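Structure file coords_11.csv (CSV, C-alpha atoms) follows.
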chain,number,residue,atom,x,y,z
L,1,MET,CA,-2.2,19.4,-10.8
L,2,LYS,CA,-5.3,18.5,-12.7
L,3,ASN,CA,-6.1,15.2,-14.3
L,4,PRO,CA,-8.1,15.4,-17.5
L,5,VAL,CA,-8.8,11.6,-17.7
L,6,LYS,CA,-11.1,9.7,-15.4
L,7,VAL,CA,-12.2,6.1,-14.9
L,8,LYS,CA,-15.6,4.9,-13.7
L,9,PHE,CA,-16.1,1.9,-11.5
L,10,LEU,CA,-19.5,2.4,-10.0
L,11,SER,CA,-22.6,3.3,-12.0
L,12,GLY,CA,-24.9,6.1,-10.8
L,13,GLU,CA,-27.4,3.6,-9.5
L,14,GLU,CA,-24.7,1.7,-7.6
L,15,ARG,CA,-23.5,4.8,-6.0
L,16,GLU,CA,-27.0,5.6,-4.9
L,17,GLN,CA,-27.4,2.0,-3.5
L,18,ILE,CA,-24.2,2.3,-1.5
L,19,PHE,CA,-25.3,5.6,-0.1
L,20,ARG,CA,-28.7,4.3,0.9
L,21,GLY,CA,-27.2,1.3,2.5
L,22,ALA,CA,-24.8,3.4,4.6
L,23,LEU,CA,-27.7,5.6,5.7
L,24,GLU,CA,-29.7,2.6,6.7
L,25,ILE,CA,-26.8,1.3,8.9
L,26,LEU,CA,-26.5,4.7,10.6
L,27,GLU,CA,-30.2,4.9,11.3
L,28,ASP,CA,-31.0,1.3,12.2
L,29,VAL,CA,-27.7,0.0,13.7
L,30,GLY,CA,-25.7,3.1,14.8
L,31,VAL,CA,-22.2,3.6,15.9
L,32,GLY,CA,-20.7,3.0,19.4
L,33,VAL,CA,-19.3,6.3,20.7
L,34,GLU,CA,-17.2,5.7,23.8
L,35,ASP,CA,-16.6,9.3,24.8
L,36,GLU,CA,-19.5,10.6,26.8
L,37,VAL,CA,-18.9,14.3,26.0
L,38,LEU,CA,-18.9,13.8,22.2
L,39,ARG,CA,-21.9,11.6,22.6
L,40,LYS,CA,-23.8,14.4,24.3
L,41,VAL,CA,-22.8,16.8,21.6
L,42,MET,CA,-24.1,14.5,18.9
L,43,LEU,CA,-27.4,14.0,20.8
L,44,LYS,CA,-27.8,17.7,21.0
L,45,LYS,CA,-27.3,17.9,17.3
L,46,GLY,CA,-30.3,15.6,16.8
L,47,CYS,CA,-28.7,12.1,16.9
L,48,ILE,CA,-30.6,9.4,18.8
L,49,GLY,CA,-29.3,7.6,21.8
L,50,SER,CA,-30.6,5.3,24.5
L,51,ASP,CA,-30.1,5.1,28.3
L,52,GLY,CA,-27.3,2.7,29.3
L,53,SER,CA,-25.9,2.4,25.8
L,54,ASP,CA,-23.1,4.2,24.0
L,55,ILE,CA,-24.8,3.6,20.6
L,56,VAL,CA,-25.6,6.7,18.6
L,57,LYS,CA,-28.0,6.4,15.7
L,58,ILE,CA,-28.4,9.1,13.0
L,59,GLU,CA,-31.5,9.6,10.9
L,60,LYS,CA,-31.1,9.9,7.2
L,61,GLU,CA,-32.1,13.5,6.9
L,62,LEU,CA,-29.6,14.6,9.6
L,63,VAL,CA,-26.8,12.9,7.6
L,64,LYS,CA,-27.8,14.7,4.5
L,65,GLU,CA,-28.1,18.0,6.3
L,66,CYS,CA,-24.6,17.6,7.7
L,67,ILE,CA,-23.2,16.8,4.2
L,68,ARG,CA,-24.8,20.1,3.0
L,69,ASP,CA,-23.3,22.0,5.9
L,70,THR,CA,-19.7,20.7,5.5
L,71,ASP,CA,-17.2,23.1,4.1
L,72,LYS,CA,-16.5,21.4,0.8
L,73,LYS,CA,-13.7,23.8,-0.3
L,74,PRO,CA,-11.1,23.6,2.4
L,75,VAL,CA,-7.8,25.3,1.9
L,76,TYR,CA,-4.8,23.5,3.4
L,77,LYS,CA,-1.5,25.4,3.6
L,78,CYS,CA,2.2,24.6,3.4
L,79,ILE,CA,4.8,26.1,5.8
L,80,ASN,CA,6.3,27.8,2.7
L,81,GLY,CA,3.0,29.6,2.1
L,82,LYS,CA,1.7,27.5,-0.8
L,83,GLU,CA,-2.1,26.9,-0.7
L,84,LEU,CA,-3.6,23.5,-1.4
L,85,ASN,CA,-7.1,23.9,-2.6
L,86,LEU,CA,-8.8,20.6,-1.8
L,87,TYR,CA,-11.7,20.8,-4.2
L,88,GLY,CA,-12.7,20.4,-7.8
L,89,ASP,CA,-10.1,18.6,-10.0
L,90,ASN,CA,-7.1,19.8,-8.0
L,91,ARG,CA,-4.6,17.1,-7.1
L,92,TYR,CA,-1.7,17.0,-4.7
L,93,TYR,CA,0.8,14.4,-3.7
L,94,GLY,CA,2.2,13.3,-0.3
L,95,SER,CA,5.0,11.1,1.0
L,96,LEU,CA,5.5,9.2,4.2
L,97,ILE,CA,8.3,9.7,6.8
L,98,ILE,CA,8.5,6.3,8.5
L,99,ASP,CA,6.5,3.1,8.4
L,100,PRO,CA,6.3,0.9,11.5
L,101,PHE,CA,9.7,-0.4,10.3
L,102,VAL,CA,12.4,0.7,7.9
L,103,LEU,CA,13.7,-1.4,5.1
L,104,ASP,CA,17.3,-0.4,5.0
L,105,TYR,CA,19.0,-1.1,1.6
L,106,GLU,CA,22.1,-2.4,3.3
L,107,LYS,CA,21.0,-3.7,6.6
L,108,GLY,CA,17.5,-5.0,5.8
L,109,ILE,CA,14.5,-4.6,8.0
L,110,ARG,CA,15.2,-2.6,11.2
L,111,LYS,CA,13.6,-0.3,13.6
L,112,ALA,CA,13.5,3.4,12.8
L,113,VAL,CA,16.0,5.9,14.1
L,114,LEU,CA,15.8,9.7,14.4
L,115,ASN,CA,18.0,10.2,11.3
L,116,ASP,CA,15.4,8.3,9.2
L,117,VAL,CA,12.8,11.0,10.1
L,118,ILE,CA,15.3,13.8,9.2
L,119,ARG,CA,16.5,12.2,5.9
L,120,HIS,CA,13.0,11.2,4.7
L,121,ALA,CA,11.6,14.7,5.6
L,122,ARG,CA,14.3,16.3,3.5
L,123,LEU,CA,13.8,13.9,0.7
L,124,GLY,CA,10.1,14.5,0.5
L,125,ASP,CA,10.6,18.2,0.8
L,126,ALA,CA,13.0,18.2,-2.2
L,127,LEU,CA,10.6,16.3,-4.5
L,128,PRO,CA,8.8,18.8,-6.7
L,129,LEU,CA,5.4,16.9,-6.7
L,130,VAL,CA,5.3,16.6,-2.9
L,131,ASP,CA,3.3,19.2,-1.0
L,132,HIS,CA,2.3,17.1,1.9
L,133,ILE,CA,4.2,14.9,4.2
L,134,TYR,CA,2.8,12.3,6.7
L,135,LYS,CA,4.5,11.3,9.9
L,136,MET,CA,3.1,8.4,11.8
L,137,ASP,CA,3.4,8.3,15.5
L,138,GLU,CA,6.0,5.6,15.3
L,139,SER,CA,8.8,5.3,17.8
L,140,CYS,CA,12.5,5.7,17.1
L,141,SER,CA,14.8,3.2,18.8
L,142,ASP,CA,17.6,5.7,19.5
L,143,VAL,CA,15.5,8.3,21.4
L,144,ASP,CA,14.5,8.4,25.0
L,145,GLN,CA,11.0,6.9,24.9
L,146,ARG,CA,9.7,9.4,27.5
L,147,ILE,CA,10.2,12.3,25.0
L,148,VAL,CA,10.1,10.4,21.7
L,149,ASP,CA,7.0,12.2,20.4
L,150,LEU,CA,8.5,15.6,21.0
L,151,LYS,CA,11.9,14.7,19.5
L,152,THR,CA,10.6,13.0,16.4
L,153,ILE,CA,8.1,15.8,15.7
L,154,GLU,CA,10.8,18.4,16.2
L,155,ALA,CA,13.0,16.5,13.7
L,156,PHE,CA,10.2,16.4,11.2
L,157,VAL,CA,9.0,20.0,11.3
L,158,SER,CA,12.6,21.3,11.3
L,159,ASN,CA,13.3,19.6,7.9
L,160,THR,CA,10.2,20.3,5.8
L,161,THR,CA,8.4,23.3,4.3
L,162,THR,CA,5.3,21.3,3.2
L,163,SER,CA,2.0,20.9,5.0
L,164,LEU,CA,2.0,18.7,8.1
L,165,PHE,CA,0.0,15.5,8.4
L,166,CYS,CA,-0.2,13.4,11.6
L,167,ALA,CA,-2.1,10.4,12.8
L,168,PRO,CA,-1.8,10.9,16.6
L,169,ALA,CA,-1.6,7.8,18.7
L,170,SER,CA,-3.1,9.6,21.7
L,171,LEU,CA,-4.7,12.9,22.8
L,172,ASN,CA,-1.4,13.9,24.5
L,173,SER,CA,0.5,13.3,21.2
L,174,LEU,CA,-2.1,15.4,19.3
L,175,LYS,CA,-1.6,18.3,21.8
L,176,THR,CA,2.1,18.2,21.1
L,177,TRP,CA,1.5,18.3,17.4
L,178,VAL,CA,-0.9,21.3,17.8
L,179,ASP,CA,1.3,23.3,20.1
L,180,ILE,CA,4.3,23.0,17.8
L,181,SER,CA,2.2,23.6,14.7
L,182,GLU,CA,0.6,26.7,16.2
L,183,ILE,CA,4.1,28.2,16.8
L,184,ILE,CA,5.0,27.5,13.2
L,185,ALA,CA,1.7,28.9,11.9
L,186,GLY,CA,2.2,32.2,13.7
L,187,GLY,CA,-0.3,31.5,16.5
L,188,SER,CA,-3.5,30.2,14.9
L,189,LEU,CA,-4.3,27.1,12.8
L,190,PHE,CA,-7.6,28.7,11.9
L,191,GLU,CA,-5.7,31.5,10.1
L,192,ASN,CA,-2.9,29.4,8.8
L,193,PRO,CA,-4.1,25.8,8.5
L,194,ILE,CA,-0.8,23.9,8.1
L,195,LEU,CA,-1.8,20.8,10.1
L,196,SER,CA,-4.2,18.0,9.4
L,197,ALA,CA,-4.9,14.9,11.5
L,198,TYR,CA,-6.2,11.5,10.4
L,199,LEU,CA,-8.8,10.1,12.9
L,200,ALA,CA,-10.3,6.7,12.3
L,201,THR,CA,-13.1,4.6,13.6
L,202,ILE,CA,-12.5,1.1,14.6
L,203,SER,CA,-14.4,-1.1,12.2
L,204,PRO,CA,-17.1,-2.2,12.6
L,205,LEU,CA,-18.9,0.9,13.8
L,206,PHE,CA,-17.0,2.1,16.9
L,207,LEU,CA,-15.2,5.2,18.0
L,208,THR,CA,-12.9,5.0,21.0
L,209,LYS,CA,-12.9,7.5,23.8
L,210,ASP,CA,-9.5,8.9,23.0
L,211,VAL,CA,-10.2,9.4,19.3
L,212,GLY,CA,-13.5,11.1,20.2
L,213,LYS,CA,-11.6,13.5,22.4
L,214,GLN,CA,-9.0,14.0,19.6
L,215,LEU,CA,-11.8,14.9,17.2
L,216,MET,CA,-13.2,17.6,19.4
L,217,TYR,CA,-9.8,19.0,20.2
L,218,CYS,CA,-8.9,19.2,16.5
L,219,ILE,CA,-12.0,21.1,15.6
L,220,GLU,CA,-11.6,23.5,18.6
L,221,ARG,CA,-8.0,24.3,17.6
L,222,GLY,CA,-8.4,24.6,13.8
L,223,VAL,CA,-6.8,21.3,12.8
L,224,LEU,CA,-8.1,20.0,9.5
L,225,VAL,CA,-9.8,16.6,10.3
L,226,ARG,CA,-9.2,13.8,7.8
L,227,GLY,CA,-11.3,10.9,8.9
L,228,GLY,CA,-12.4,7.5,7.7
L,229,PRO,CA,-12.4,3.8,8.3
L,230,CYS,CA,-9.8,1.1,7.7
L,231,GLN,CA,-12.3,-1.7,7.4
L,232,MET,CA,-10.9,-5.1,6.5
L,233,ALA,CA,-13.1,-7.2,4.2
L,234,GLY,CA,-13.6,-10.6,5.6
L,235,ALA,CA,-12.8,-9.6,9.2
L,236,THR,CA,-14.2,-6.3,10.3
L,237,ALA,CA,-16.4,-5.7,7.3
L,238,PRO,CA,-18.3,-8.0,4.8
L,239,TYR,CA,-16.0,-9.8,2.4
L,240,PRO,CA,-18.0,-8.8,-0.7
L,241,ILE,CA,-16.7,-5.5,-2.1
L,242,ALA,CA,-20.1,-3.9,-2.1
L,243,GLY,CA,-20.8,-4.7,1.5
L,244,SER,CA,-17.3,-3.5,2.6
L,245,LEU,CA,-17.9,-0.3,0.7
L,246,VAL,CA,-21.3,0.3,2.4
L,247,THR,CA,-19.7,-0.3,5.9
L,248,GLY,CA,-16.8,2.1,5.1
L,249,ILE,CA,-19.0,4.8,3.8
L,250,ALA,CA,-21.3,4.5,6.9
L,251,GLU,CA,-18.3,5.0,9.2
L,252,MET,CA,-17.1,7.9,7.1
L,253,LEU,CA,-20.5,9.6,7.2
L,254,PHE,CA,-20.7,9.1,11.0
L,255,LEU,CA,-17.4,11.0,11.4
L,256,LEU,CA,-18.7,13.8,9.2
L,257,VAL,CA,-21.8,14.1,11.4
L,258,ALA,CA,-19.6,14.1,14.5
L,259,VAL,CA,-17.5,17.0,13.1
L,260,GLN,CA,-20.6,19.0,12.2
L,261,SER,CA,-22.0,18.3,15.7
L,262,VAL,CA,-19.0,20.0,17.2
L,263,ARG,CA,-18.9,22.9,14.8
L,264,LYS,CA,-21.4,23.5,12.0
L,265,GLY,CA,-19.6,24.3,8.7
L,266,ALA,CA,-16.3,22.8,9.7
L,267,PRO,CA,-14.3,21.2,6.8
L,268,PHE,CA,-14.0,17.4,6.7
L,269,VAL,CA,-11.6,15.6,4.3
L,270,VAL,CA,-12.6,12.0,3.7
L,271,GLY,CA,-9.8,9.5,4.3
L,272,ILE,CA,-10.3,6.5,2.0
L,273,GLY,CA,-9.3,3.2,3.5
L,274,GLY,CA,-10.3,-0.4,2.9
L,275,HIS,CA,-8.3,-3.6,2.9
L,276,SER,CA,-8.9,-7.3,3.1
L,277,ILE,CA,-8.0,-10.5,4.9
L,278,ASP,CA,-6.6,-13.6,3.3
L,279,MET,CA,-9.3,-16.0,4.3
L,280,LYS,CA,-6.9,-19.0,4.2
L,281,THR,CA,-4.2,-17.6,6.4
L,282,GLY,CA,-5.8,-14.7,8.3
L,283,ASN,CA,-3.1,-12.3,7.1
L,284,VAL,CA,-3.9,-8.7,6.4
L,285,ILE,CA,-3.6,-7.9,2.7
L,286,TYR,CA,-2.7,-4.2,2.6
L,287,GLY,CA,-2.2,-4.1,-1.2
L,288,GLY,CA,-3.5,-5.9,-4.2
L,289,PRO,CA,-6.7,-5.6,-6.3
L,290,ILE,CA,-9.3,-5.7,-3.5
L,291,LYS,CA,-7.7,-2.7,-1.8
L,292,ASP,CA,-7.4,-0.9,-5.1
L,293,ILE,CA,-11.1,-1.5,-6.0
L,294,LEU,CA,-12.2,-0.4,-2.5
L,295,HIS,CA,-10.2,2.8,-2.9
L,296,ILE,CA,-11.6,3.5,-6.3
L,297,GLY,CA,-15.1,2.9,-5.1
L,298,GLY,CA,-14.5,5.1,-2.0
L,299,MET,CA,-13.2,8.0,-4.1
L,300,GLU,CA,-16.1,7.7,-6.5
L,301,MET,CA,-18.5,7.9,-3.5
L,302,THR,CA,-16.8,11.1,-2.3
L,303,GLU,CA,-17.2,12.6,-5.7
L,304,TYR,CA,-20.9,11.5,-5.6
L,305,LEU,CA,-21.2,13.3,-2.3
L,306,ASP,CA,-19.1,16.3,-3.4
L,307,LEU,CA,-16.6,15.9,-0.5
L,308,PRO,CA,-12.8,16.5,-0.5
L,309,SER,CA,-10.8,13.3,-0.2
L,310,ASN,CA,-7.4,11.8,0.3
L,311,CYS,CA,-6.3,8.3,-0.4
L,312,GLY,CA,-3.1,6.4,0.5
L,313,VAL,CA,-2.0,4.6,-2.6
L,314,PHE,CA,1.4,3.4,-3.9
L,315,SER,CA,0.9,0.1,-2.0
L,316,SER,CA,3.2,-2.9,-2.3
L,317,LEU,CA,3.4,-6.1,-0.3
L,318,CYS,CA,6.8,-6.8,-1.5
L,319,PRO,CA,9.3,-6.4,1.4
L,320,ASN,CA,12.4,-5.6,-0.7
L,321,TYR,CA,13.7,-3.3,-3.4
L,322,GLY,CA,13.2,-4.4,-7.0
L,323,VAL,CA,11.1,-4.6,-10.0
L,324,GLN,CA,8.2,-6.4,-8.2
L,325,ASN,CA,7.9,-3.7,-5.6
L,326,GLY,CA,7.8,-1.0,-8.3
L,327,VAL,CA,5.3,-2.8,-10.4
L,328,GLU,CA,3.0,-3.5,-7.4
L,329,ALA,CA,3.2,0.2,-6.3
L,330,ALA,CA,2.5,1.4,-9.8
L,331,LEU,CA,-0.5,-0.8,-10.3
L,332,SER,CA,-2.0,0.3,-7.0
L,333,ALA,CA,-1.8,3.9,-8.1
L,334,VAL,CA,-2.6,3.6,-11.8
L,335,PHE,CA,-6.4,3.4,-11.5
L,336,THR,CA,-6.8,5.6,-8.5
L,337,TYR,CA,-4.8,8.2,-10.4
L,338,PHE,CA,-7.7,8.5,-12.8
L,339,CYS,CA,-10.3,9.2,-10.1
L,340,ARG,CA,-11.1,12.5,-8.5
L,341,ASN,CA,-8.8,12.4,-5.5
L,342,HIS,CA,-7.4,15.6,-3.9
L,343,ILE,CA,-4.4,14.1,-2.1
L,344,MET,CA,-2.6,11.0,-3.2
L,345,GLY,CA,-0.5,10.0,-0.3
L,346,GLY,CA,1.8,7.2,0.7
L,347,MET,CA,4.8,7.7,-1.5
L,348,GLY,CA,7.8,5.9,0.0
L,349,THR,CA,6.1,3.0,1.7
L,350,ILE,CA,7.4,-0.5,1.1
L,351,GLY,CA,6.2,-3.9,2.3
L,352,ASN,CA,3.0,-2.3,3.6
L,353,ALA,CA,1.5,-3.8,6.8
Can you dump the structure from the file as structure tokens?
Amino acid sequence: MKNPVKVKFLSGEEREQIFRGALEILEDVGVGVEDEVLRKVMLKKGCIGSDGSDIVKIEKELVKECIRDTDKKPVYKCINGKELNLYGDNRYYGSLIIDPFVLDYEKGIRKAVLNDVIRHARLGDALPLVDHIYKMDESCSDVDQRIVDLKTIEAFVSNTTTSLFCAPASLNSLKTWVDISEIIAGGSLFENPILSAYLATISPLFLTKDVGKQLMYCIERGVLVRGGPCQMAGATAPYPIAGSLVTGIAEMLFLLVAVQSVRKGAPFVVGIGGHSIDMKTGNVIYGGPIKDILHIGGMEMTEYLDLPSNCGVFSSLCPNYGVQNGVEAALSAVFTYFCRNHIMGGMGTIGNA
């Protein structure tokens, strides 16, 4: 689906300023890379490290080189054979299987059960706009916790024909996702890329050992990497929107360089994040105007850099069904709808975070 109308939040000069600010952070401050193997791979690529420290710094020209080398026209496939071309003005939509909790219409807030995974997978699969379904690594209360990953993934993939999207909680979970997806793909995710994985930095400017290993494993097995930050303005990033955007773009560019360090020319889909903290209470605000503006700014930056992108929208802080929830979710999507965004995800969430 193509969108003929666009909105503009950042001027050309502002986009350039944010890009320059992100480059300065990567060159002068750097990012903590906990996994020694990935750190060595990045140093071999030309990044800068120092003895006794896990900080990796990246010079501006290397970042620009990696942006040029990135595959900017990735093709993502559905189990049913449909191709999702994540470039240009193409637009696709995604739904979510389970949040950390389920808001049951009759019983209220409760923990997820296996039937939620099955029902929501079938519902998303039946919606004509949905080509992409996201399953969090959330537990189900009625499944043996020793095999909960295996059982919930089995329930998911057995009830959808769309593309598969995961956010693995561990390397072992990722390996389960990959093993199952390779079987469905006919043996190779390079030849039939039906699986993507969201991998995130920890703001500010840190990549854990497990996520570093996940990143390398994804690239080695043909999983489409979708990476980005989830910076929280006022807590893990500057409260001003411009400062939060600069921090987020710096972390995103770091992940892009990490991907290119493992395999030159690999695709990388930017995952747009960005939230804020209520400075009075300390609560996370996972919806509302600040998140929306950060997402719009992030998507405009990916367009500026000519990178494929996805964004989780349709956010609402209202923890019940009703008009307020619908209005909040609609408002969170209305402006991002008019940006260049290759996957709009998050349909089906309620009472976010």
**Request:** Compile the contact shell of L:Thr176 as a list in words: residues with an atom at most 12 Å away, counting only C-alpha atoms, same-chain residues fewer than 2 positions apart removed.
**Result:**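 Skipping anything fewer than 2 positions along the chain leaves Asp137, Ile147, Val148, Asp149, Leu150, Lys151, Thr152, Ile153, Glu154, Cys166, Pro168, Ala169, Ser170, Leu171, Asn172, Ser173, Leu174, Val178, Asp179, Ile180, Ser181, Glu182, Ile183, Leu195, Gln214, Tyr217 and Cys218 of chain L.
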**Asked** So which one's closest to L:Ser315, L:Ile350, L:Val284, L:Ile290, L:Ala200? Using only C-alpha atoms, please.
**Response** L:Ile350
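Shell of L:Gly52 at 12 Å, with all atoms listed in the file counted and residues fewer than 6 places along the chain excluded, is Gly32, Glu34 and Glu36 of chain L.
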**Prompt:** Which neighbours of L:Phe335 fall inside 8 Å, counting all atoms listed in the file, when residues of the same chain fewer than 2 positions from it are skipped, and could you give them as a list in words?
**Reply:** Val7, Asp292, Ile296, Leu331, Ser332, Ala333, Tyr337, Phe338 and Cys339 of chain L
**Asked** Using only C-alpha atoms, which of the listed residues (L:Phe254, L:Tyr105, L:Phe206, L:Phe314) sits closest to L:Asp35?
**Response**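 With only C-alpha atoms as the atom set, the closest residue is L:Phe206.
The residue that comes closest to L:Pro193, out of L:Leu207, L:Leu43, L:Leu224, L:Val334 and on the basis of all atoms listed in the file, is L:Leu224.
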Protein, DNA and RNA residues within 7 Å of (-6.1, 14.7, 10.8), only C-alpha atoms, as a short mmCIF file (atom, residue, chain, number, x, y, z; two decimals) with C-alpha atoms, in the coordinates of the input:
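Final output, saved to point-v7.cif:
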data_model
loop_
_atom_site.label_atom_id
_atom_site.label_comp_id
_atom_site.auth_asym_id
_atom_site.auth_seq_id
_atom_site.Cartn_x
_atom_site.Cartn_y
_atom_site.Cartn_z
CA PHE L 165 0.00 15.50 8.40
CA CYS L 166 -0.20 13.40 11.60
CA ALA L 167 -2.10 10.40 12.80
CA SER L 196 -4.20 18.00 9.40
CA ALA L 197 -4.90 14.90 11.50
CA TYR L 198 -6.20 11.50 10.40
CA LEU L 199 -8.80 10.10 12.90
CA VAL L 223 -6.80 21.30 12.80
CA LEU L 224 -8.10 20.00 9.50
CA VAL L 225 -9.80 16.60 10.30
CA ARG L 226 -9.20 13.80 7.80
CA GLY L 227 -11.30 10.90 8.90
#
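Proximity of L:Pro289, L:Pro267, L:Gly274, L:Gly12 to L:Gly234, computed with only C-alpha atoms, is greatest for L:Gly274.
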**Request:** Would you mind telling me which residue in L:Glu61, L:Glu300, L:Asp278, L:Glu106 lies nearest to L:Asn320 when using all atoms listed in the file?
**Result:**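 For L:Asn320, the nearest of the given residues is L:Glu106.
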**Request:** Could you give me, as a list in words, the residues within 12 Å of L:Asp69, counting all atoms listed in the file and dropping anything in the same chain fewer than 4 positions from it?
**Result:**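 Returned residues: Leu62, Val63, Lys64, Glu65, Lys73, Leu256, Val257, Val259, Gln260, Ser261, Arg263, Lys264, Gly265, Ala266, Pro267, Phe268, Asp306 and Leu307 of chain L.
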**Asked** What gap, in Å, lies between atom CA of L:Ile118 and atom CA of L:Gly94?
**Response**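 These atoms are spaced 16.2 Å apart.
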**Prompt:** Of the candidates L:Pro128, L:Gly108, L:Gly187, L:Pro204, which shows the shortest atom-to-atom distance to L:Thr161, using all atoms listed in the file?
**Reply:**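 Ranked by minimum distance to L:Thr161, first place goes to L:Pro128.
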**Asked** Quick one, how far is atom CA of L:Gly186 from atom CA of L:Lys77?
**Response** 12.7 Å
**Message:** as a list in words, please: the residues near stretch 84-86 of chain L (cut-off 8 Å, only C-alpha atoms, same-chain neighbours under 4 positions excluded).
**Reply:** Lys73, Pro74, Val75, Tyr76, Lys77, Cys78, Asn90, Arg91, Tyr92, Pro308, Ser309, His342 and Ile343 of chain L
